[in-house]
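Student: Below is the file protein-v2.txt, with compact mmCIF, C-alpha atoms.
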```
# COMPACT_ATOMS: atom_id res chain seq x y z
CA MET K 117 0.00 0.00 0.00
CA SER K 118 1.48 3.32 -1.00
CA LYS K 119 1.62 5.83 1.83
CA VAL K 120 -0.04 9.24 1.89
CA ILE K 121 2.27 11.96 3.17
CA GLY K 122 1.55 15.13 5.11
CA ILE K 123 3.30 18.31 3.99
CA ASP K 124 3.74 21.61 5.80
CA LEU K 125 4.50 23.97 2.92
CA GLY K 126 5.90 26.95 4.81
CA THR K 127 6.98 30.45 3.87
CA THR K 128 10.57 29.97 5.01
CA ASN K 129 10.78 26.25 5.81
CA SER K 130 8.84 23.17 4.77
CA CYS K 131 8.51 19.78 6.42
CA VAL K 132 7.14 16.38 5.39
CA ALA K 133 5.84 13.56 7.59
CA THR K 134 4.29 10.12 7.29
CA ILE K 135 2.57 7.56 9.52
CA GLU K 136 4.57 4.63 10.89
CA ASN K 137 2.80 2.16 13.21
CA GLY K 138 0.03 4.68 13.79
CA GLU K 139 2.43 7.46 14.84
CA PRO K 140 3.42 10.52 12.79
CA VAL K 141 7.11 10.56 11.86
CA VAL K 142 9.02 13.44 10.29
CA ILE K 143 10.93 12.38 7.17
CA PRO K 144 14.50 13.72 7.02
CA ASN K 145 15.54 15.20 3.67
CA ALA K 146 18.45 14.13 1.45
CA GLU K 147 20.76 16.44 3.42
CA GLY K 148 19.73 14.80 6.70
CA ALA K 149 17.76 17.76 8.09
CA ARG K 150 14.19 17.50 9.33
CA THR K 151 13.04 20.72 7.66
CA THR K 152 13.83 22.04 4.20
CA PRO K 153 14.23 25.78 3.46
CA SER K 154 11.49 26.93 1.04
CA VAL K 155 14.05 28.42 -1.33
CA VAL K 156 14.44 27.81 -5.07
CA ALA K 157 17.37 29.06 -7.13
CA PHE K 158 18.82 28.69 -10.59
CA ALA K 159 22.59 28.34 -10.80
CA LYS K 160 24.34 31.29 -12.50
CA ASP K 161 25.51 29.58 -15.67
CA GLY K 162 21.94 28.80 -16.72
CA GLY K 163 22.64 25.52 -15.01
CA GLU K 164 20.77 23.37 -12.58
CA ARG K 165 17.85 24.17 -10.34
CA LEU K 166 18.71 24.24 -6.64
CA ILE K 167 16.13 23.62 -3.92
CA GLY K 168 16.34 23.83 -0.15
CA VAL K 169 19.54 24.36 1.79
CA THR K 170 21.76 24.43 -1.33
CA ALA K 171 19.63 27.25 -2.75
CA LYS K 172 19.63 29.13 0.56
CA ARG K 173 23.44 28.93 0.85
CA GLN K 174 24.06 30.64 -2.46
CA ALA K 175 21.32 33.28 -2.04
CA VAL K 176 23.89 35.92 -1.06
CA THR K 177 25.97 35.65 -4.22
CA ASN K 178 23.04 34.91 -6.54
CA ALA K 179 20.20 37.06 -5.20
CA ASP K 180 18.61 37.81 -8.60
CA ARG K 181 18.09 34.15 -9.44
CA THR K 182 16.94 33.02 -5.99
CA MET K 183 13.30 32.91 -4.93
CA ILE K 184 12.47 33.09 -1.23
CA SER K 185 9.20 33.40 0.72
CA VAL K 186 7.11 32.73 -2.39
CA LYS K 187 4.18 31.62 -0.23
CA ARG K 188 3.42 35.30 0.42
CA HIS K 189 2.50 35.62 -3.28
CA MET K 190 0.24 32.57 -3.49
CA GLY K 191 -3.06 33.29 -5.19
CA THR K 192 -1.82 36.59 -6.69
CA LYS K 193 -0.69 37.61 -10.19
CA TRP K 194 2.98 37.75 -9.08
CA THR K 195 5.50 36.21 -11.46
CA THR K 196 9.28 36.11 -11.74
CA ASP K 197 11.49 35.71 -14.79
CA VAL K 198 14.67 33.67 -14.95
CA ASP K 199 16.40 33.09 -18.30
CA GLU K 200 13.37 34.05 -20.40
CA THR K 201 11.13 31.65 -18.44
CA THR K 202 8.31 33.08 -16.34
CA TYR K 203 7.46 31.32 -13.09
CA THR K 204 4.26 31.64 -11.05
CA PRO K 205 4.15 31.15 -7.26
CA GLN K 206 2.46 27.78 -7.86
CA GLU K 207 5.34 26.58 -10.07
CA VAL K 208 8.01 27.71 -7.60
CA SER K 209 6.10 26.02 -4.75
CA ALA K 210 5.82 22.91 -6.90
CA PHE K 211 9.63 22.70 -7.13
CA ILE K 212 9.76 22.63 -3.32
CA LEU K 213 6.98 20.02 -3.15
CA GLN K 214 8.82 17.90 -5.76
CA LYS K 215 11.89 17.81 -3.53
CA LEU K 216 9.82 16.89 -0.46
CA LYS K 217 8.09 14.19 -2.51
CA ALA K 218 11.43 12.80 -3.75
CA ASP K 219 12.89 12.82 -0.21
CA ALA K 220 9.80 11.00 1.09
CA GLU K 221 10.07 8.42 -1.70
CA ALA K 222 13.74 7.81 -0.93
CA TYR K 223 12.88 7.33 2.75
CA LEU K 224 9.83 5.10 2.21
CA GLY K 225 11.27 3.14 -0.71
CA HIS K 226 8.25 3.50 -2.97
CA GLU K 227 6.43 6.07 -5.06
CA VAL K 228 4.26 8.64 -3.30
CA LYS K 229 1.19 9.81 -5.19
CA GLN K 230 -1.07 11.40 -2.58
CA ALA K 231 -0.60 14.11 0.03
CA VAL K 232 -2.38 16.33 2.52
CA ILE K 233 -0.95 19.87 2.39
CA THR K 234 -1.46 22.59 5.00
CA CYS K 235 -2.05 26.31 4.56
CA PRO K 236 -2.64 29.24 6.95
CA ALA K 237 -6.17 29.36 8.37
CA TYR K 238 -6.47 32.83 6.93
CA PHE K 239 -5.80 31.81 3.33
CA THR K 240 -8.53 32.79 0.86
CA ASP K 241 -10.12 30.44 -1.61
CA ALA K 242 -7.75 31.61 -4.37
CA GLN K 243 -4.72 30.97 -2.15
CA ARG K 244 -5.98 27.49 -1.25
CA LYS K 245 -6.58 26.70 -4.91
CA ALA K 246 -3.04 27.90 -5.73
CA THR K 247 -1.68 25.57 -3.04
CA LYS K 248 -3.62 22.66 -4.53
CA ASP K 249 -2.35 23.57 -8.03
CA ALA K 250 1.23 23.55 -6.75
CA GLY K 251 0.67 20.00 -5.53
CA ARG K 252 -0.78 18.97 -8.88
CA ILE K 253 2.17 20.46 -10.80
CA ALA K 254 4.53 18.54 -8.48
CA GLY K 255 2.75 15.31 -9.45
CA LEU K 256 0.77 14.89 -6.23
CA ASP K 257 -2.90 14.16 -5.83
CA VAL K 258 -3.79 16.57 -3.02
CA LEU K 259 -6.45 14.78 -0.98
CA ARG K 260 -7.12 17.77 1.23
CA ILE K 261 -5.85 21.20 2.18
CA ILE K 262 -6.09 21.65 5.95
CA ASN K 263 -5.45 24.66 8.16
CA GLU K 264 -2.09 24.84 9.91
CA PRO K 265 -3.41 25.55 13.44
CA THR K 266 -5.89 22.68 13.05
CA ALA K 267 -3.07 20.36 11.97
CA ALA K 268 -1.02 21.39 15.01
CA ALA K 269 -4.02 20.72 17.27
CA LEU K 270 -4.42 17.31 15.65
CA ALA K 271 -0.76 16.48 16.34
CA TYR K 272 -1.26 17.52 19.96
CA GLY K 273 -4.72 16.16 20.59
CA VAL K 274 -4.74 12.75 18.96
CA ASP K 275 -4.40 10.82 22.21
CA LYS K 276 -6.17 13.22 24.56
CA THR K 277 -9.23 11.87 26.31
CA GLN K 278 -10.46 14.72 28.50
CA ASP K 279 -12.40 17.60 26.95
CA GLN K 280 -10.35 20.76 26.61
CA THR K 281 -10.11 24.13 24.93
CA ILE K 282 -6.82 24.93 23.25
CA LEU K 283 -5.40 28.05 21.70
CA VAL K 284 -2.96 27.55 18.83
CA TYR K 285 -0.70 30.53 18.19
CA ASP K 286 1.11 29.98 14.90
CA LEU K 287 3.79 32.52 14.01
CA GLY K 288 5.80 31.32 11.04
CA GLY K 289 8.27 32.97 8.71
CA GLY K 290 5.69 34.89 6.72
CA THR K 291 2.22 34.30 8.08
CA PHE K 292 0.45 34.51 11.42
CA ASP K 293 -2.57 32.52 12.54
CA VAL K 294 -4.36 31.99 15.78
CA SER K 295 -7.15 29.50 16.36
CA VAL K 296 -9.24 28.44 19.32
CA LEU K 297 -10.21 24.76 19.19
CA GLU K 298 -12.19 22.38 21.36
CA ILE K 299 -11.33 18.72 21.75
CA TYR K 300 -14.22 16.59 22.98
CA GLU K 301 -15.73 13.14 22.57
CA VAL K 302 -19.07 12.29 21.01
CA ASP K 303 -20.15 8.64 21.44
CA GLY K 304 -16.57 7.60 22.03
CA GLN K 305 -15.24 9.34 18.91
CA PRO K 306 -12.89 12.27 19.50
CA GLN K 307 -13.74 15.48 17.69
CA ILE K 308 -11.69 18.60 17.17
CA GLU K 309 -13.82 21.63 16.50
CA VAL K 310 -12.46 25.01 15.51
CA LYS K 311 -14.33 27.65 17.46
CA ALA K 312 -12.67 30.76 16.08
CA THR K 313 -9.77 31.77 13.91
CA ALA K 314 -8.00 35.02 13.11
CA GLY K 315 -4.66 36.08 11.70
CA ASN K 316 -2.51 38.17 9.43
CA ASN K 317 -1.11 36.77 6.18
CA LYS K 318 1.64 39.38 5.95
CA LEU K 319 3.29 39.07 9.33
CA GLY K 320 5.98 36.66 10.48
CA GLY K 321 9.58 36.03 11.40
CA ASP K 322 10.71 37.61 8.12
CA ASP K 323 9.37 40.91 9.43
CA PHE K 324 11.40 40.51 12.63
CA ASP K 325 14.47 40.10 10.41
CA GLU K 326 13.54 43.25 8.46
CA LYS K 327 13.45 45.28 11.68
CA VAL K 328 16.92 44.03 12.60
CA ILE K 329 18.20 44.76 9.08
CA ALA K 330 16.85 48.33 9.22
CA TRP K 331 18.56 48.80 12.60
CA MET K 332 21.87 47.43 11.22
CA VAL K 333 21.69 49.76 8.20
CA ALA K 334 20.96 52.78 10.41
CA GLU K 335 23.74 51.96 12.91
CA PHE K 336 26.26 51.38 10.13
CA LYS K 337 25.29 54.65 8.44
CA LYS K 338 25.72 56.47 11.76
CA GLU K 339 29.21 55.02 12.22
CA THR K 340 30.56 55.23 8.66
CA GLY K 341 28.17 57.40 6.64
CA ILE K 342 27.74 54.53 4.16
CA ASP K 343 24.20 53.57 3.18
CA LEU K 344 24.07 49.80 2.60
CA SER K 345 20.42 49.68 1.58
CA LYS K 346 21.32 50.31 -2.08
CA ASP K 347 23.86 47.47 -2.16
CA LYS K 348 22.04 44.26 -3.09
CA GLN K 349 24.78 41.85 -2.10
CA ALA K 350 25.40 43.59 1.23
CA MET K 351 21.66 43.50 1.98
CA SER K 352 21.64 39.78 1.26
CA ARG K 353 24.42 39.27 3.79
CA LEU K 354 22.58 41.48 6.29
CA LYS K 355 19.46 39.33 5.93
CA GLU K 356 21.44 36.21 6.74
CA ALA K 357 23.12 37.91 9.72
CA ALA K 358 19.80 39.31 11.01
CA GLU K 359 18.21 35.87 11.02
CA LYS K 360 21.24 34.41 12.81
CA ALA K 361 21.18 37.21 15.42
CA LYS K 362 17.45 36.72 16.02
CA ILE K 363 17.91 32.98 16.59
CA GLU K 364 20.89 33.53 18.91
CA LEU K 365 18.97 36.06 21.01
CA SER K 366 16.40 33.41 21.91
CA GLY K 367 19.14 31.76 23.97
CA THR K 368 21.46 34.60 24.96
CA GLN K 369 21.15 38.19 26.21
CA GLN K 370 23.57 39.63 23.66
CA THR K 371 24.85 38.80 20.18
CA GLN K 372 27.69 40.08 18.03
CA ILE K 373 26.99 40.88 14.38
CA ASN K 374 30.30 40.66 12.59
CA LEU K 375 30.43 41.15 8.80
CA PRO K 376 33.92 41.76 7.42
CA PHE K 377 34.37 43.51 4.04
CA ILE K 378 30.75 44.62 3.91
CA SER K 379 31.59 47.73 1.89
CA MET K 380 34.35 49.95 0.48
CA ALA K 381 35.27 53.54 1.35
CA ASP K 382 38.10 55.43 -0.41
CA GLY K 383 39.41 52.15 -1.77
CA GLN K 384 39.59 50.66 1.74
CA PRO K 385 37.39 47.77 2.93
CA VAL K 386 34.92 48.60 5.71
CA HIS K 387 33.78 46.03 8.28
CA MET K 388 30.59 45.86 10.27
CA ASP K 389 30.85 44.99 13.96
CA LEU K 390 27.72 45.63 15.98
CA SER K 391 26.42 44.23 19.21
CA LEU K 392 22.69 43.70 19.64
CA SER K 393 21.17 43.06 23.05
CA ARG K 394 17.99 41.07 23.61
CA ALA K 395 16.40 44.17 25.17
CA LYS K 396 17.11 46.22 22.03
CA PHE K 397 15.83 43.41 19.80
CA GLU K 398 12.62 43.16 21.82
CA ASP K 399 12.25 46.91 21.52
CA LEU K 400 12.60 46.67 17.71
CA ILE K 401 9.93 43.99 17.36
CA ALA K 402 7.55 45.12 20.15
CA LYS K 403 5.06 46.68 17.69
CA LEU K 404 5.02 43.51 15.56
CA ILE K 405 4.33 41.31 18.59
CA GLU K 406 1.53 43.67 19.62
CA LYS K 407 0.15 43.31 16.09
CA THR K 408 -0.24 39.56 16.67
CA MET K 409 -2.13 40.21 19.89
CA VAL K 410 -5.04 41.92 18.11
CA PRO K 411 -6.10 38.74 16.22
CA THR K 412 -5.41 36.68 19.38
CA ARG K 413 -7.85 38.80 21.39
CA GLN K 414 -10.32 38.65 18.50
CA ALA K 415 -10.21 34.85 18.33
CA MET K 416 -10.69 34.54 22.08
CA LYS K 417 -13.57 37.00 21.95
CA ASP K 418 -15.20 35.15 19.04
CA ALA K 419 -14.97 31.91 21.01
CA SER K 420 -16.36 33.81 24.05
CA LEU K 421 -13.32 33.05 26.19
CA LYS K 422 -11.86 35.21 28.91
CA LYS K 423 -8.25 35.32 30.03
CA GLY K 424 -7.41 32.06 31.79
CA ASP K 425 -10.28 30.08 30.19
CA VAL K 426 -7.95 28.27 27.79
CA ASP K 427 -6.74 24.86 29.01
CA LYS K 428 -3.66 24.67 26.81
CA VAL K 429 -1.68 27.16 24.76
CA ILE K 430 0.22 25.63 21.85
CA LEU K 431 2.93 27.56 20.05
CA VAL K 432 3.70 26.68 16.44
CA GLY K 433 6.25 28.11 14.02
CA GLY K 434 9.92 28.92 14.58
CA SER K 435 9.26 32.56 15.48
CA THR K 436 7.49 31.46 18.67
CA ARG K 437 10.93 30.59 20.07
CA VAL K 438 11.46 34.32 20.67
CA PRO K 439 11.06 34.75 24.46
CA ALA K 440 9.19 38.07 24.07
CA VAL K 441 6.58 36.30 21.91
CA GLN K 442 6.10 33.58 24.54
CA ASP K 443 5.70 36.16 27.30
CA ALA K 444 3.15 38.16 25.30
CA VAL K 445 1.06 35.06 24.56
CA GLU K 446 1.18 33.94 28.19
CA LYS K 447 0.06 37.38 29.33
CA GLU K 448 -2.83 37.44 26.85
CA ALA K 449 -4.06 33.87 27.35
CA GLY K 450 -3.36 33.69 31.07
CA LYS K 451 -1.58 30.34 30.71
CA PRO K 452 2.08 29.43 30.12
CA PRO K 453 2.62 27.82 26.68
CA TYR K 454 2.71 24.03 26.48
CA LYS K 455 6.28 22.90 25.76
CA GLY K 456 5.76 19.28 24.71
CA ILE K 457 5.44 19.92 20.99
CA ASN K 458 8.06 20.82 18.38
CA PRO K 459 7.03 24.15 16.80
CA ASP K 460 8.76 23.30 13.49
CA GLU K 461 7.27 19.84 13.02
CA ALA K 462 3.81 19.83 14.62
CA VAL K 463 1.99 21.03 11.49
CA ALA K 464 3.53 18.39 9.19
CA MET K 465 2.77 15.70 11.77
CA GLY K 466 -0.84 16.82 11.98
CA ALA K 467 -1.07 16.74 8.17
CA ALA K 468 0.32 13.17 8.19
CA LEU K 469 -2.29 12.15 10.79
CA GLN K 470 -5.05 13.65 8.64
CA ALA K 471 -3.60 11.74 5.67
CA GLY K 472 -3.68 8.55 7.74
CA ILE K 473 -7.31 9.15 8.71
CA ILE K 474 -8.36 9.79 5.09
CA SER K 475 -6.51 6.77 3.69
CA GLY K 476 -7.86 4.55 6.49
CA ASP K 477 -4.51 3.65 8.09
CA GLU K 478 -5.33 0.97 10.71
CA GLY K 479 -3.04 2.41 13.39
CA VAL K 480 -4.58 5.90 13.37
CA SER K 481 -7.58 6.53 15.58
CA ASP K 482 -10.38 8.21 13.66
CA ILE K 483 -10.95 11.84 14.56
CA LEU K 484 -13.63 14.11 13.20
CA LEU K 485 -12.37 17.56 12.23
CA LEU K 486 -14.83 20.42 12.22
CA ASP K 487 -13.09 23.43 10.73
CA VAL K 488 -13.95 26.91 9.55
CA THR K 489 -12.84 28.74 6.44
CA PRO K 490 -12.80 32.51 6.79
```
Show how you would write the structure in this file as structure tokens.

Tutor:
Amino acid sequence: MSKVIGIDLGTTNSCVATIENGEPVVIPNAEGARTTPSVVAFAKDGGERLIGVTAKRQAVTNADRTMISVKRHMGTKWTTDVDETTYTPQEVSAFILQKLKADAEAYLGHEVKQAVITCPAYFTDAQRKATKDAGRIAGLDVLRIINEPTAAALAYGVDKTQDQTILVYDLGGGTFDVSVLEIYEVDGQPQIEVKATAGNNKLGGDDFDEKVIAWMVAEFKKETGIDLSKDKQAMSRLKEAAEKAKIELSGTQQTQINLPFISMADGQPVHMDLSLSRAKFEDLIAKLIEKTMVPTRQAMKDASLKKGDVDKVILVGGSTRVPAVQDAVEKEAGKPPYKGINPDEAVAMGAALQAGIISGDEGVSDILLLDVTP
């Protein structure tokens, strides 16, 4: 029997999972990592197509031919041209899905034809259709498109017996979603019902990076008088450094941003050496975090919940590793976030469980999903 896979097609990273002995398992990619960067590039000499970490690595030196965060353009008229060929967001996403499909096939040892793919709860009909088209172009029969917060709840709630209300706060690289769900049993069958959902399709970890980049540009200009924002290659390096600094600040109070030979002045190389404290970083992103609180309050209000009424708070998406984000969510929901779930992998695991339910995998307990589409 050929397996159905579950795919979390993310803005910055994607992940693929399958069911083994009734449990969801994340499939490592050809490079041995459990998530794959959602980056597609074309090598400079009109050569091969690069996908994932290889594409991300060369983004600095090959910015014009590298496509990142394409998910933000899903369902729009956006296109990009490389070597006289025009690519739509669906086609670029399909390249990523093809790699995930190939990695899954290598892992499972047989062809994969069917998949369940996730999308943000706030995606419109056009964006969902574009996601389904991407799957079709990649050679997958997309059995269902399910909402990311719902998938995360499924990954968390599959073996839960007592009735509970959970809040899923999903802050990814490019999109933000929040959903309130109820898990309860009807005649012995568990059901997960989405009570309310809200979000912002243009807000995510990428925007945190942008704030750090703007700060780096301003600081550097203050020190040297050089404006880096016009220099494409320098900006590419700044983006990489900003992301690294952001990740480091989740674990430390201070980080050093060190970029040698970032620019030239009077024929002499100029280096960037800045130190960014966690307090400064939190100050830079405070408005963005507050922006995520508006939909969170809305979802809780729509589900007629007060602070402290939620039984569990589940954080999904890499950006929820930022301590300031965790504190803000805890303050709003009145409960500390639940730590027993991997924010990068929960959505793909939930998609795999849904795939198992649809394809009638014996090991997966049947769960009824009642979802909403905005």

Student: With a distance cut-off of 10 Å and only C-alpha atoms, select the neighbouring residues of stretch 160-171 of chain K, excluding the residue or stretch itself and same-chain residues fewer than 4 positions from it, and output the selection as a count of residues only.

Tutor: 30

Student: Hey, could you make a per-residue contact list for stretch 379-406 of chain K against stretch 309-332 of chain K with 8 Å as the cut-off, showing the nearest pair of atoms and its distance in Å to one decimal, counting only C-alpha atoms, sorted by chain and number, as CSV?

Tutor:
```
residue,atom,partner,partner_atom,distance
K:Leu390,CA,K:Met332,CA,7.8
K:Phe397,CA,K:Val328,CA,7.3
K:Leu400,CA,K:Lys327,CA,6.2
K:Ile401,CA,K:Phe324,CA,6.1
K:Leu404,CA,K:Phe324,CA,7.6
```

Student: Record the distance separating atom CA of K:Lys403 and atom CA of K:Phe336, expressed in Å with one decimal.

Tutor: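 Spanning atom CA of K:Lys403 to atom CA of K:Phe336 is a straight-line distance of 23.0 Å.
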
Student: Write out as a PDB file with C-alpha atoms, keeping the file's coordinate frame each polymer residue whose atoms come within 10 Å of K:Gln278, counting only C-alpha atoms; drop sequence neighbours fewer than 3 positions from it.

Tutor:
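Dumped to around.pdb:
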```
ATOM      1  CA  GLY K 273      -4.720  16.160  20.590  1.00  0.00           C
ATOM      2  CA  ASP K 275      -4.400  10.820  22.210  1.00  0.00           C
ATOM      3  CA  ILE K 299     -11.330  18.720  21.750  1.00  0.00           C
ATOM      4  CA  TYR K 300     -14.220  16.590  22.980  1.00  0.00           C
ATOM      5  CA  GLU K 301     -15.730  13.140  22.570  1.00  0.00           C
ATOM      6  CA  PRO K 306     -12.890  12.270  19.500  1.00  0.00           C
TER       7      PRO K 306
END
```

Student: Ranking K:Pro205, K:Gly424, K:Gly138, K:Pro411 by minimum distance to K:Glu478 and counting all atoms listed in the file, which one comes first?

Tutor: K:Gly138

Student: Let me make sure I understand: among K:Ala468, K:Ile373, K:Ile282, K:Val432, which one has the smallest atom-to-atom distance to K:Lys355 if we use only C-alpha atoms?

Tutor: K:Ile373

Student: At what distance in Å, to one decimal, does atom CA of K:Val480 lie from atom CA of K:Thr247?

Tutor: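 Computing the Euclidean distance for atom CA of K:Thr247 and atom CA of K:Val480 yields 25.8 Å.
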
Student: Counting all atoms listed in the file, what is within 8 Å of stretch 441-444 of chain K, bar same-chain residues fewer than 5 positions away, as a list in words?

Tutor: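 The neighbour list is Ile405, Met409, Ser435, Thr436 and Pro453 of chain K.
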
Student: For a cut-off of 10 Å around (-8.9, 15.2, -3.6), file coordinates, pick out all residues using all atoms listed in the file and list them as a ChimeraX atom specification.

Tutor: /K:230-232,248,257-261

Student: Using C-alpha atoms, can you export the residues from the last selection as a PDB file, keeping the file's coordinate frame?

Tutor:
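Saved the output as part_14.pdb:
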```
ATOM      1  CA  GLN K 230      -1.070  11.400  -2.580  1.00  0.00           C
ATOM      2  CA  ALA K 231      -0.600  14.110   0.030  1.00  0.00           C
ATOM      3  CA  VAL K 232      -2.380  16.330   2.520  1.00  0.00           C
ATOM      4  CA  LYS K 248      -3.620  22.660  -4.530  1.00  0.00           C
ATOM      5  CA  ASP K 257      -2.900  14.160  -5.830  1.00  0.00           C
ATOM      6  CA  VAL K 258      -3.790  16.570  -3.020  1.00  0.00           C
ATOM      7  CA  LEU K 259      -6.450  14.780  -0.980  1.00  0.00           C
ATOM      8  CA  ARG K 260      -7.120  17.770   1.230  1.00  0.00           C
ATOM      9  CA  ILE K 261      -5.850  21.200   2.180  1.00  0.00           C
TER      10      ILE K 261
END
```

Student: Centre and edge lengths of an axis-aligned box around all listed atoms of stretch 174-193 of chain K, with 4 Å added on each side, are to be given in Å to one decimal, as JSON.

Tutor:
```
{"center_x": 11.5, "center_y": 34.2, "center_z": -4.7, "size_x": 37.0, "size_y": 15.2, "size_z": 18.9}
```

Student: Name all residues at most 12 Å from K:Gly472 (count only C-alpha atoms; drop same-chain ones fewer than 6 positions away) and give them as a PyMOL selection string.

Tutor: chain K and resi 118-122+133-141+230-232+259-260+270+465-466+478-483

Student: Of the candidates K:Leu354, K:Leu421, K:Leu431, K:Ile253, which one gets nearest to K:Val463 if we count only C-alpha atoms?

Tutor: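 With only C-alpha atoms as the atom set, the closest residue is K:Leu431.
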
Student: Restricting the calculation to all atoms listed in the file: of K:Tyr223, K:Phe158, K:Tyr285, K:Phe239, which residue gets closest to K:Ile430?

Tutor: K:Tyr285

Student: Using atom CA of K:Leu297 and atom CA of K:Asn263 as the two end points, give the distance in Å to one decimal.

Tutor: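 We find that atom CA of K:Leu297 and atom CA of K:Asn263 lie 12.0 Å from each other.
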
Student: Give me, as a PyMOL selection string, all polymer residues having an atom no more than 10 Å from K:Ala179, counting all atoms listed in the file and skipping those fewer than 4 positions away in the same chain.

Tutor: chain K and resi 157+172+174-175+183-184+348-349+351-352

Student: Calculated over all atoms listed in the file, which of the candidates K:Ala237, K:Ala334, K:Val426, K:Ile342 has the smallest distance to K:Leu287?

Tutor: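 Closest to K:Leu287, using all atoms listed in the file: K:Ala237.
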
Student: Which is closer to K:Ile262 than all the others in K:Ala467, K:Val132, K:Ala358, K:Met416, using all atoms listed in the file?

Tutor: K:Ala467
